[in-house]
$ cat data.cif   # mmCIF, C-alpha atoms
data_structure
loop_
_atom_site.label_atom_id
_atom_site.label_comp_id
_atom_site.auth_asym_id
_atom_site.auth_seq_id
_atom_site.Cartn_x
_atom_site.Cartn_y
_atom_site.Cartn_z
CA MET A 1 10.33 13.32 -51.00
CA GLU A 2 7.24 15.48 -51.49
CA ASN A 3 5.20 12.64 -50.11
CA LYS A 4 7.32 12.61 -46.96
CA CYS A 5 6.99 16.37 -46.55
CA GLU A 6 3.23 15.94 -46.36
CA ASN A 7 3.72 14.14 -43.07
CA LEU A 8 5.22 17.22 -41.42
CA SER A 9 1.95 18.43 -39.90
CA LEU A 10 1.01 14.90 -38.86
CA TYR A 11 4.39 14.63 -37.18
CA ILE A 12 3.78 17.88 -35.34
CA ILE A 13 0.39 16.83 -34.02
CA ASP A 14 1.81 13.37 -33.27
CA GLU A 15 -0.54 11.36 -35.39
CA LEU A 16 2.06 9.16 -37.06
CA SER A 17 2.61 5.53 -36.17
CA GLU A 18 5.96 4.63 -34.62
CA HIS A 19 7.18 3.37 -37.97
CA GLU A 20 6.03 6.46 -39.87
CA LYS A 21 7.53 8.65 -37.18
CA GLU A 22 10.95 7.02 -37.59
CA GLN A 23 10.70 7.35 -41.34
CA PHE A 24 9.84 11.02 -41.06
CA GLU A 25 12.68 11.69 -38.64
CA ARG A 26 15.10 10.19 -41.13
CA HIS A 27 13.57 12.34 -43.85
CA LEU A 28 13.80 15.44 -41.66
CA LYS A 29 17.57 15.09 -41.34
CA THR A 30 18.01 15.64 -45.06
CA CYS A 31 15.05 17.86 -45.99
CA ILE A 32 15.87 21.56 -45.78
CA PRO A 33 12.29 22.83 -46.43
CA CYS A 34 10.93 20.66 -43.59
CA GLN A 35 13.74 21.79 -41.29
CA ASN A 36 12.85 25.40 -42.03
CA GLU A 37 9.21 24.86 -41.29
CA ILE A 38 9.11 22.49 -38.35
CA ASP A 39 9.96 24.79 -35.44
CA SER A 40 7.61 27.59 -36.35
CA LEU A 41 4.73 25.27 -37.17
CA GLN A 42 5.30 23.34 -33.97
CA GLU A 43 5.21 26.58 -32.05
CA ALA A 44 1.93 27.56 -33.73
CA TRP A 45 0.47 24.21 -32.66
CA GLN A 46 1.78 24.72 -29.15
CA VAL A 47 0.44 28.23 -28.75
CA LEU A 48 -3.08 26.88 -29.28
CA SER A 49 -2.91 25.67 -25.69
CA TYR A 50 -3.04 29.25 -24.43
CA ASP A 51 -6.49 29.75 -25.88
CA ILE A 52 -8.03 29.28 -22.46
CA GLU A 53 -9.84 31.31 -19.86
CA GLU A 54 -7.82 31.18 -16.67
CA THR A 55 -10.01 29.99 -13.85
CA ASP A 56 -9.55 30.10 -10.10
CA VAL A 57 -8.58 26.72 -8.70
CA PRO A 58 -10.63 25.34 -5.76
CA GLU A 59 -8.66 25.59 -2.51
CA SER A 60 -9.33 21.94 -1.65
CA LEU A 61 -7.80 20.64 -4.88
CA LYS A 62 -4.20 20.72 -3.67
CA ALA A 63 -4.89 18.37 -0.75
CA GLU A 64 -6.84 16.05 -3.03
CA VAL A 65 -4.07 15.94 -5.62
CA MET A 66 -1.31 15.40 -3.06
CA ASN A 67 -3.27 12.68 -1.23
CA PHE A 68 -3.97 11.01 -4.53
CA ILE A 69 -0.30 11.00 -5.52
CA PHE A 70 1.12 9.79 -2.23
CA GLU A 71 -1.57 7.21 -1.57
CA GLU A 72 -1.20 5.94 -5.11
CA GLU A 73 2.52 5.67 -4.59
CA ASN A 74 2.11 3.77 -1.32
CA SER A 75 -0.41 1.35 -2.76
CA LEU A 76 1.88 0.80 -5.73
CA LYS A 77 4.70 -0.10 -3.35
CA THR A 78 2.53 -2.47 -1.30
CA ASN A 79 1.32 -4.11 -4.46
CA GLU A 80 4.88 -4.61 -5.58
CA VAL A 81 5.72 -6.35 -2.31
CA LYS A 82 2.59 -8.51 -2.59
CA ASP A 83 3.40 -9.30 -6.18
CA LYS A 84 6.85 -10.48 -5.22
CA LYS A 85 5.46 -12.80 -2.54
CA HIS A 86 2.86 -14.19 -4.89
CA SER A 87 5.03 -14.42 -7.89
CA PHE A 88 7.27 -17.21 -6.58
CA LEU A 89 4.43 -19.65 -5.97
CA GLU A 90 2.64 -18.57 -9.11
CA ARG A 91 5.73 -18.91 -11.24
CA PHE A 92 6.25 -22.40 -9.81
CA LYS A 93 2.65 -23.31 -10.59
CA LEU A 94 2.98 -21.85 -14.03
CA LEU A 95 6.14 -23.82 -14.61
CA LEU A 96 4.41 -27.04 -13.59
CA THR A 97 1.40 -26.40 -15.79
CA LYS A 98 3.69 -25.48 -18.64
CA GLN A 99 5.80 -28.61 -18.28
CA PHE A 100 3.02 -31.13 -17.67
CA SER A 101 -0.04 -31.69 -19.79
CA PRO A 102 -2.88 -33.53 -17.99
CA LEU A 103 -1.80 -36.74 -19.77
CA SER A 104 1.87 -36.52 -18.85
CA ALA A 105 0.93 -35.48 -15.30
CA GLY A 106 -1.20 -38.66 -15.06
CA ILE A 107 1.60 -40.81 -16.42
CA THR A 108 4.05 -39.24 -14.01
CA ALA A 109 1.71 -39.91 -11.09
CA VAL A 110 1.35 -43.58 -12.11
CA LEU A 111 5.12 -43.94 -12.48
CA ILE A 112 5.75 -42.38 -9.08
CA MET A 113 3.21 -44.72 -7.46
CA GLY A 114 4.81 -47.69 -9.21
CA LEU A 115 8.21 -46.63 -7.97
CA ILE A 116 6.97 -46.35 -4.39
CA GLY A 117 5.40 -49.84 -4.69
CA LEU A 118 8.66 -51.31 -5.96
CA LEU A 119 10.63 -49.72 -3.14
CA TRP A 120 8.22 -51.09 -0.58
CA SER A 121 8.28 -54.64 -1.92
CA ASN A 122 12.06 -54.44 -2.18
CA LEU A 123 12.28 -53.55 1.50
CA GLN A 124 9.92 -56.42 2.37
CA LEU A 125 12.07 -58.82 0.37
CA LYS A 126 15.20 -57.64 2.13
CA ASP A 127 13.62 -58.30 5.52
CA THR A 128 12.57 -61.81 4.43
CA ILE A 129 16.09 -62.63 3.21
CA ILE A 130 17.63 -61.44 6.45
CA ALA A 131 15.15 -63.57 8.41
CA LEU A 132 15.98 -66.62 6.26
CA GLU A 133 19.71 -66.07 6.67
CA ASN A 134 19.34 -65.84 10.42
CA GLN A 135 17.42 -69.09 10.38
CA SER A 136 20.15 -70.93 8.50
CA VAL A 137 22.89 -69.51 10.69
CA SER A 138 21.49 -70.43 14.04
CA PRO A 139 21.59 -72.50 16.08
CA THR A 140 25.21 -73.53 16.45
CA GLN A 141 25.47 -77.27 16.47
CA ILE A 142 28.05 -79.71 17.79
CA VAL A 143 29.00 -81.94 14.88
CA ARG A 144 31.63 -84.13 16.58
CA THR A 145 33.09 -84.65 20.02
CA PHE A 146 36.63 -85.88 20.74
CA ASN A 147 37.94 -87.15 24.08
CA LEU A 148 41.57 -86.28 24.73
CA LYS A 149 43.81 -88.23 27.09
CA GLY A 150 47.27 -87.40 28.45
CA GLN A 151 50.38 -89.50 28.14
CA ASP A 152 54.07 -89.38 29.14
CA LEU A 153 54.68 -86.08 30.93
CA ALA A 154 50.98 -85.31 31.26
CA THR A 155 49.29 -88.61 32.15
CA SER A 156 46.90 -86.89 34.52
CA ALA A 157 45.66 -84.49 31.84
CA ASN A 158 42.39 -84.92 30.00
CA GLY A 159 40.17 -82.85 27.78
CA ILE A 160 37.32 -82.61 25.35
CA ALA A 161 37.26 -81.14 21.84
CA TYR A 162 34.07 -80.08 20.14
CA LEU A 163 33.70 -79.53 16.39
CA LEU A 164 30.99 -76.90 15.96
CA GLN A 165 29.06 -75.98 12.88
CA ASP A 166 28.52 -72.25 12.98
CA GLY A 167 26.64 -71.16 9.90
CA ARG A 168 28.75 -72.08 6.94
CA ASP A 169 31.97 -72.29 8.96
CA ASN A 170 33.27 -74.90 11.31
CA SER A 171 35.13 -74.16 14.48
CA LEU A 172 36.96 -76.34 16.95
CA VAL A 173 36.82 -75.72 20.71
CA ILE A 174 39.22 -77.64 22.90
CA GLU A 175 38.98 -77.68 26.69
CA LEU A 176 41.87 -79.13 28.68
CA ASN A 177 42.26 -79.95 32.42
CA ASN A 178 45.10 -80.96 34.77
CA MET A 179 47.80 -79.87 32.36
CA PRO A 180 51.32 -79.67 33.76
CA GLY A 181 52.62 -76.10 33.84
CA THR A 182 54.89 -74.80 31.12
CA LYS A 183 58.34 -73.27 31.59
CA ASP A 184 59.78 -70.26 29.80
CA ASP A 185 58.87 -70.30 26.12
CA GLU A 186 57.27 -73.71 26.32
CA VAL A 187 53.75 -73.95 24.85
CA TYR A 188 51.26 -76.67 24.12
CA GLN A 189 50.58 -76.87 20.40
CA VAL A 190 47.48 -78.40 18.83
CA TRP A 191 47.81 -80.41 15.61
CA LEU A 192 45.10 -81.70 13.32
CA LEU A 193 45.99 -85.04 11.75
CA LYS A 194 44.76 -86.26 8.40
CA ASN A 195 46.33 -89.13 6.51
CA GLY A 196 49.60 -88.72 8.44
CA ASN A 197 49.78 -84.94 7.73
CA ARG A 198 49.82 -82.46 10.57
CA GLN A 199 48.36 -79.01 10.53
CA ASN A 200 48.97 -76.35 13.16
CA ALA A 201 45.74 -75.37 14.97
CA GLY A 202 47.17 -72.91 17.52
CA THR A 203 49.11 -72.87 20.79
CA LEU A 204 48.10 -72.34 24.39
CA LYS A 205 49.50 -72.01 27.87
CA PRO A 206 47.40 -73.47 30.72
CA ASP A 207 46.56 -71.37 33.78
CA GLU A 208 48.02 -72.08 37.22
CA ASN A 209 45.31 -74.71 37.88
CA GLY A 210 46.29 -76.56 34.73
CA ASN A 211 43.17 -75.54 32.77
CA GLY A 212 43.38 -74.35 29.16
CA LEU A 213 40.98 -73.44 26.38
CA ILE A 214 41.58 -72.90 22.69
CA THR A 215 39.29 -72.22 19.75
CA TYR A 216 40.26 -72.64 16.13
CA ARG A 217 38.24 -71.65 13.08
CA LEU A 218 38.56 -74.27 10.41
CA PRO A 219 38.90 -73.36 6.78
CA LYS A 220 35.85 -74.19 4.70
CA ASN A 221 35.44 -77.89 3.90
CA HIS A 222 38.47 -78.78 5.96
CA SER A 223 38.27 -82.12 7.67
CA PHE A 224 40.60 -84.11 9.95
CA ASP A 225 40.70 -87.51 11.64
CA ASP A 226 42.55 -86.97 14.94
CA ILE A 227 43.87 -84.28 17.26
CA GLY A 228 47.33 -84.37 18.81
CA ILE A 229 48.94 -81.98 21.31
CA THR A 230 52.70 -81.59 21.80
CA LEU A 231 54.80 -79.68 24.30
CA GLU A 232 56.91 -77.37 22.20
CA PRO A 233 60.05 -75.57 23.46
CA ASN A 234 58.94 -72.39 21.60
CA PRO A 235 55.78 -71.26 19.74
CA ASN A 236 55.09 -70.90 16.01
CA ASN A 237 56.43 -74.19 14.76
CA THR A 238 55.05 -75.55 11.54
CA GLN A 239 56.10 -79.13 12.38
CA PRO A 240 56.18 -80.64 15.89
CA GLN A 241 59.63 -80.58 17.58
CA GLY A 242 58.66 -81.62 21.09
CA HIS A 243 57.01 -84.77 22.48
CA LYS A 244 53.41 -85.68 22.02
CA VAL A 245 51.66 -85.31 25.41
CA MET A 246 47.96 -85.76 24.51
CA GLY A 247 45.84 -87.28 21.76
CA THR A 248 42.40 -88.49 20.84
CA THR A 249 41.49 -91.84 22.22
CA MET B 250 11.86 26.60 -2.78
CA LYS B 251 10.40 29.83 -4.20
CA SER B 252 13.73 30.92 -5.64
CA LYS B 253 14.39 27.67 -7.47
CA THR B 254 13.90 27.40 -11.22
CA ASP B 255 11.45 24.90 -12.70
CA GLU B 256 14.38 22.82 -13.82
CA GLU B 257 15.85 22.67 -10.31
CA LEU B 258 12.46 21.70 -8.90
CA ILE B 259 12.14 18.86 -11.40
CA GLU B 260 15.55 17.59 -10.37
CA LEU B 261 14.43 17.58 -6.73
CA ILE B 262 11.25 15.74 -7.71
CA VAL B 263 13.30 13.04 -9.37
CA GLN B 264 14.94 12.64 -5.94
CA ASN B 265 11.48 12.28 -4.34
CA HIS B 266 11.45 15.72 -2.74
CA ARG B 267 7.81 16.42 -1.96
CA PRO B 268 8.03 20.18 -1.23
CA ALA B 269 9.42 20.64 -4.74
CA LEU B 270 6.31 19.02 -6.20
CA GLU B 271 4.10 21.26 -4.07
CA GLU B 272 5.97 24.33 -5.28
CA LEU B 273 5.51 23.31 -8.92
CA TYR B 274 1.87 22.68 -8.19
CA ASP B 275 1.47 26.20 -6.79
CA ARG B 276 3.18 27.65 -9.83
CA TYR B 277 1.29 25.81 -12.53
CA VAL B 278 -1.97 24.44 -11.18
CA LYS B 279 -3.98 27.39 -12.48
CA LEU B 280 -2.73 26.82 -16.01
CA VAL B 281 -3.23 23.05 -15.86
CA TYR B 282 -6.63 23.40 -14.21
CA SER B 283 -7.92 25.98 -16.67
CA PHE B 284 -6.63 23.98 -19.61
CA SER B 285 -8.22 20.79 -18.31
CA LEU B 286 -11.47 22.54 -17.64
CA LYS B 287 -11.62 23.59 -21.26
CA MET B 288 -10.73 20.07 -22.44
CA THR B 289 -13.54 18.59 -20.34
CA LYS B 290 -15.94 21.38 -21.28
CA GLY B 291 -16.25 22.51 -17.69
CA ASP B 292 -16.57 19.12 -15.98
CA GLY B 293 -15.12 19.69 -12.50
CA GLU B 294 -14.77 15.98 -11.59
CA LYS B 295 -12.97 15.05 -14.78
CA THR B 296 -10.81 18.14 -14.45
CA LYS B 297 -9.76 17.04 -10.98
CA GLU B 298 -8.94 13.59 -12.31
CA ILE B 299 -6.76 15.07 -15.06
CA VAL B 300 -4.93 17.41 -12.66
CA GLN B 301 -4.24 14.47 -10.36
CA GLN B 302 -2.88 12.39 -13.21
CA VAL B 303 -0.71 15.24 -14.49
CA PHE B 304 0.98 15.81 -11.16
CA LEU B 305 1.27 12.06 -10.52
CA ARG B 306 3.04 11.82 -13.86
CA LEU B 307 5.30 14.66 -12.83
CA TRP B 308 6.08 12.89 -9.55
CA THR B 309 6.77 9.51 -11.05
CA THR B 310 8.66 10.76 -14.08
CA LYS B 311 12.11 9.28 -14.37
CA ARG B 312 13.21 11.72 -17.02
CA THR B 313 14.84 14.92 -15.98
CA TYR B 314 13.35 17.96 -17.58
CA SER B 315 15.87 20.40 -18.95
CA SER B 316 15.25 23.84 -20.31
CA ALA B 317 16.94 22.79 -23.54
CA GLN B 318 13.83 20.76 -24.19
CA GLY B 319 11.62 23.82 -24.30
CA LYS B 320 9.52 25.88 -22.00
CA PHE B 321 8.36 23.95 -18.97
CA ALA B 322 4.77 25.24 -19.24
CA ASN B 323 4.52 23.91 -22.80
CA TRP B 324 5.82 20.55 -21.70
CA LEU B 325 3.32 20.45 -18.86
CA LEU B 326 0.43 21.40 -21.13
CA THR B 327 1.40 18.74 -23.65
CA ILE B 328 1.29 16.15 -20.86
CA THR B 329 -2.03 17.57 -19.69
CA ARG B 330 -3.51 17.43 -23.18
CA ASN B 331 -2.39 13.83 -23.69
CA ILE B 332 -3.84 12.74 -20.37
CA ALA B 333 -7.07 14.61 -21.07
CA ILE B 334 -7.36 13.04 -24.53
CA ASP B 335 -6.75 9.58 -23.06
CA LEU B 336 -9.55 10.21 -20.60
CA ILE B 337 -11.93 11.65 -23.18
CA ARG B 338 -11.30 8.81 -25.62
CA LYS B 339 -11.72 6.18 -22.92
CA GLU B 340 -15.05 7.67 -21.99
CA GLN B 341 -16.18 7.90 -25.57
CA LYS B 342 -15.06 4.28 -25.90
CA HIS B 343 -13.30 5.16 -29.06
CA THR B 344 -11.18 2.27 -30.09
CA GLY B 345 -9.24 1.43 -33.23
CA ALA B 346 -6.21 3.17 -34.56
CA ILE B 347 -5.89 5.77 -31.84
CA GLN B 348 -2.40 6.39 -30.58
CA LEU B 349 -2.31 6.74 -26.85
CA GLU B 350 1.44 6.73 -26.54
CA LEU B 351 2.16 10.28 -27.46
CA ASN B 352 5.61 11.63 -27.26
CA GLU B 353 5.46 14.80 -25.29
CA TRP B 354 9.09 15.72 -25.60
CA ARG B 355 9.29 15.91 -29.33
CA GLN B 356 6.45 18.36 -29.61
CA ILE B 357 8.05 21.10 -27.63
CA PRO B 358 9.35 24.02 -29.59
CA ASP B 359 12.86 25.08 -28.90
CA GLN B 360 12.06 28.45 -27.50
CA GLN B 361 13.24 30.59 -24.64
CA THR B 362 11.08 33.68 -24.38
CA GLU B 363 10.40 34.02 -20.69
CA ASP B 364 11.83 37.36 -19.77
CA VAL B 365 8.42 38.80 -18.96
CA PRO B 366 6.49 37.54 -15.95
CA GLN B 367 4.62 34.37 -16.78
CA GLN B 368 1.13 35.69 -16.22
CA VAL B 369 1.70 38.62 -18.59
CA SER B 370 3.25 36.28 -21.12
CA ARG B 371 0.32 33.92 -20.89
CA ASN B 372 -2.18 36.70 -21.34
CA LEU B 373 -0.25 37.94 -24.33
CA LEU B 374 -0.23 34.49 -25.89
CA LYS B 375 -3.92 34.12 -25.23
CA HIS B 376 -4.55 37.49 -26.84
CA GLN B 377 -2.41 36.47 -29.83
CA ILE B 378 -4.11 33.16 -30.38
CA GLN B 379 -7.53 34.69 -30.17
CA GLU B 380 -6.48 37.32 -32.68
CA ALA B 381 -4.99 34.68 -34.94
CA LYS B 382 -8.16 32.61 -34.86
CA GLN B 383 -10.01 35.53 -36.38
CA HIS B 384 -7.93 35.02 -39.49
CA LEU B 385 -8.93 31.39 -39.87
CA SER B 386 -11.81 30.19 -41.98
CA GLU B 387 -14.75 28.48 -40.31
CA PRO B 388 -13.65 24.94 -41.39
CA GLN B 389 -10.13 25.69 -40.14
CA ARG B 390 -11.43 26.86 -36.76
CA ARG B 391 -13.60 23.76 -36.55
CA LEU B 392 -10.62 21.56 -37.37
CA ILE B 393 -8.52 23.10 -34.60
CA ASN B 394 -11.34 22.74 -32.14
CA LEU B 395 -12.01 19.09 -32.92
CA LEU B 396 -8.35 18.17 -33.22
CA TYR B 397 -6.79 20.15 -30.42
CA TRP B 398 -9.54 20.51 -27.86
CA GLU B 399 -11.80 17.56 -28.42
CA GLY B 400 -9.08 15.03 -29.12
CA TYR B 401 -10.43 13.64 -32.38
CA SER B 402 -7.98 12.03 -34.76
CA LEU B 403 -7.66 13.29 -38.33
CA SER B 404 -9.46 10.28 -39.76
CA GLU B 405 -12.31 10.74 -37.30
CA ILE B 406 -12.53 14.38 -38.33
CA ALA B 407 -12.53 13.34 -41.99
CA GLU B 408 -15.53 11.14 -41.20
CA LEU B 409 -17.31 13.89 -39.27
CA GLU B 410 -16.67 16.42 -42.04
CA LYS B 411 -17.45 13.87 -44.75
CA LYS B 412 -14.25 14.81 -46.55
CA PRO B 413 -11.33 12.67 -47.77
CA LEU B 414 -8.49 12.28 -45.25
CA GLY B 415 -6.12 14.01 -47.69
CA THR B 416 -8.28 17.12 -47.68
CA ILE B 417 -8.24 17.26 -43.88
CA LYS B 418 -4.45 16.74 -43.83
CA SER B 419 -3.84 19.63 -46.19
CA ARG B 420 -6.38 21.74 -44.28
CA LEU B 421 -4.34 21.10 -41.14
CA HIS B 422 -1.16 22.12 -42.90
CA GLN B 423 -2.75 25.31 -44.20
CA THR B 424 -4.18 26.13 -40.77
CA LEU B 425 -0.85 25.69 -38.99
CA LYS B 426 0.86 27.83 -41.61
CA LYS B 427 -1.71 30.56 -41.27
CA LEU B 428 -1.35 30.62 -37.50
CA ARG B 429 2.42 30.58 -37.78
CA ASN B 430 2.43 33.45 -40.24
CA TYR B 431 0.19 35.49 -38.02
CA PHE B 432 2.40 34.90 -34.97
CA SER B 433 5.58 35.72 -36.83
CA GLU B 434 4.09 39.01 -38.03
CA GLU B 435 3.03 39.83 -34.49
CA THR B 436 6.44 39.07 -33.02
CA GLY B 437 8.35 40.64 -35.88
CA GLY B 438 9.25 37.31 -37.47
CA VAL B 439 11.97 36.67 -34.93
CA ARG B 440 11.33 32.97 -34.59
CA HIS B 441 10.49 32.24 -38.17
CA GLY B 442 12.47 29.27 -39.33
CA LYS B 443 15.99 28.50 -38.31
#
$ encode --input "data.cif" --output "structure tokens"
Amino acid sequence: MENKCENLSLYIIDELSEHEKEQFERHLKTCIPCQNEIDSLQEAWQVLSYDIEETDVPESLKAEVMNFIFEEENSLKTNEVKDKKHSFLERFKLLLTKQFSPLSAGITAVLIMGLIGLLWSNLQLKDTIIALENQSVSPTQIVRTFNLKGQDLATSANGIAYLLQDGRDNSLVIELNNMPGTKDDEVYQVWLLKNGNRQNAGTLKPDENGNGLITYRLPKNHSFDDIGITLEPNPNNTQPQGHKVMGTT
Amino acid sequence: MKSKTDEELIELIVQNHRPALEELYDRYVKLVYSFSLKMTKGDGEKTKEIVQQVFLRLWTTKRTYSSAQGKFANWLLTITRNIAIDLIRKEQKHTGAIQLELNEWRQIPDQQTEDVPQQVSRNLLKHQIQEAKQHLSEPQRRLINLLYWEGYSLSEIAELEKKPLGTIKSRLHQTLKKLRNYFSEETGGVRHGK
């Protein structure tokens, strides 16, 4: 405790380190002799400041002091604003330099360049594929041609059917002329024949001049031998009910 | 402005009221100036620099002064002394274990004696301190001069005096006690102890 009391005068003249100061303040709370001494000794130290000759102050000093204070304050404020503007970019730079060593920055640059190269070649490849696909799709070609001739009710009728290869699909286009008109629900129905089996390939009604056109997209790999057309009393039949009026020759 | 107390002026300063700062300047500049002039041994330029720093500190202070923390003039002089010592030490390029962060608040005695006009009170104090100094020994007077007015630290003084630090510490204690005892006799021992 005596040791701590020795620090009283050092505390008063403020020559203790922060740590020593805290220690002494704790000591002061419990040490009656120090408590009795501190105020009067502190006052003695303080009174030393009055050992001065009072001097007249130059008139100009006030303006100088006030200018100094308010200019200082203004420049501090401007600096703060500048600092804020700068700090964003600088913090970003600092972040980058913190995160990337020269080596990792180099590696990153190489990786980014590689990525761009890959993207570019990928785009090129895509273009080439599209060009190739277009080549294989076009042109549309006629694979087979069928002549159709009328019979019975429609002896005057005739027509042509084309089997087209359109890319990977096949489609059938049938053009008919001089067809007798249809009454009420009556329709002409197209059938595809293969080994005695018939498959519905759509219905049509001719126009007033007896012309008709029908297209039918064939399922993949579907083939047939002949085409027959019947006059049906109503549409959407799965098996022919009416008479055959036209067929391939 | 003239009728406001120091405390009220400080509160206005905290609210950035410039006329309040000017009023405090008018009241105390003579004290601060004279004190600084002694610290700088009569150097007018350095004195100006100190006065500017003191009032800048007063203007930018975020702490509100209250009379409970002691006499305003003492507070102001403590600030002035710290600023002056900073300046002196910077110029002397003294480095090492010198504390620049001094706590002004803690040094202020808890006293309220200002019933007499300030100028009279100041002259009285000056008279007292000069009387008291007569009672000090030559080494004690030298210690006060180096420590208080020239801003040397105790260890620097120990080096200058070629004495162990412990000797200088106890010399300081004896000197403060002697001064204290003289003042308490002069003022009838009113403020002796608690």
$ residues_around --input "data.cif" --residues "Lys244 in chain A" --least-positions-apart "6" --cutoff "12 Å" --atoms "all atoms listed in the file" --output "MDAnalysis selection string"
chainID A and resid 149:155 188:191 227:232
$ atom_distance --input "data.cif" --atom1 "CA of Leu409 in chain B" --atom2 "CA of Thr424 in chain B"
18.0 Å
$ interface_residues --input "data.cif" --of "chain A" --to "chain B" --cutoff "9 Å" --atoms "all atoms listed in the file" --output "number ranges by chain"
A: 6-17, 35-57, 61-62, 64-66, 68-70, 72-73
$ residues_near_point --input "data.cif" --point "(43.5, -89.8, 20.4)" --cutoff "8 Å" --atoms "only C-alpha atoms" --output "number ranges by chain"
A: 146-149, 226-228, 246-249
$ atom_distance --input "data.cif" --atom1 "CA of Pro58 in chain A" --atom2 "CA of Asp292 in chain B"
13.4 Å
$ closest_residue --input "data.cif" --among "B:Tyr401, B:Leu414, B:Arg276, B:Pro268" --to "Phe321 in chain B" --atoms "all atoms listed in the file"
B:Arg276
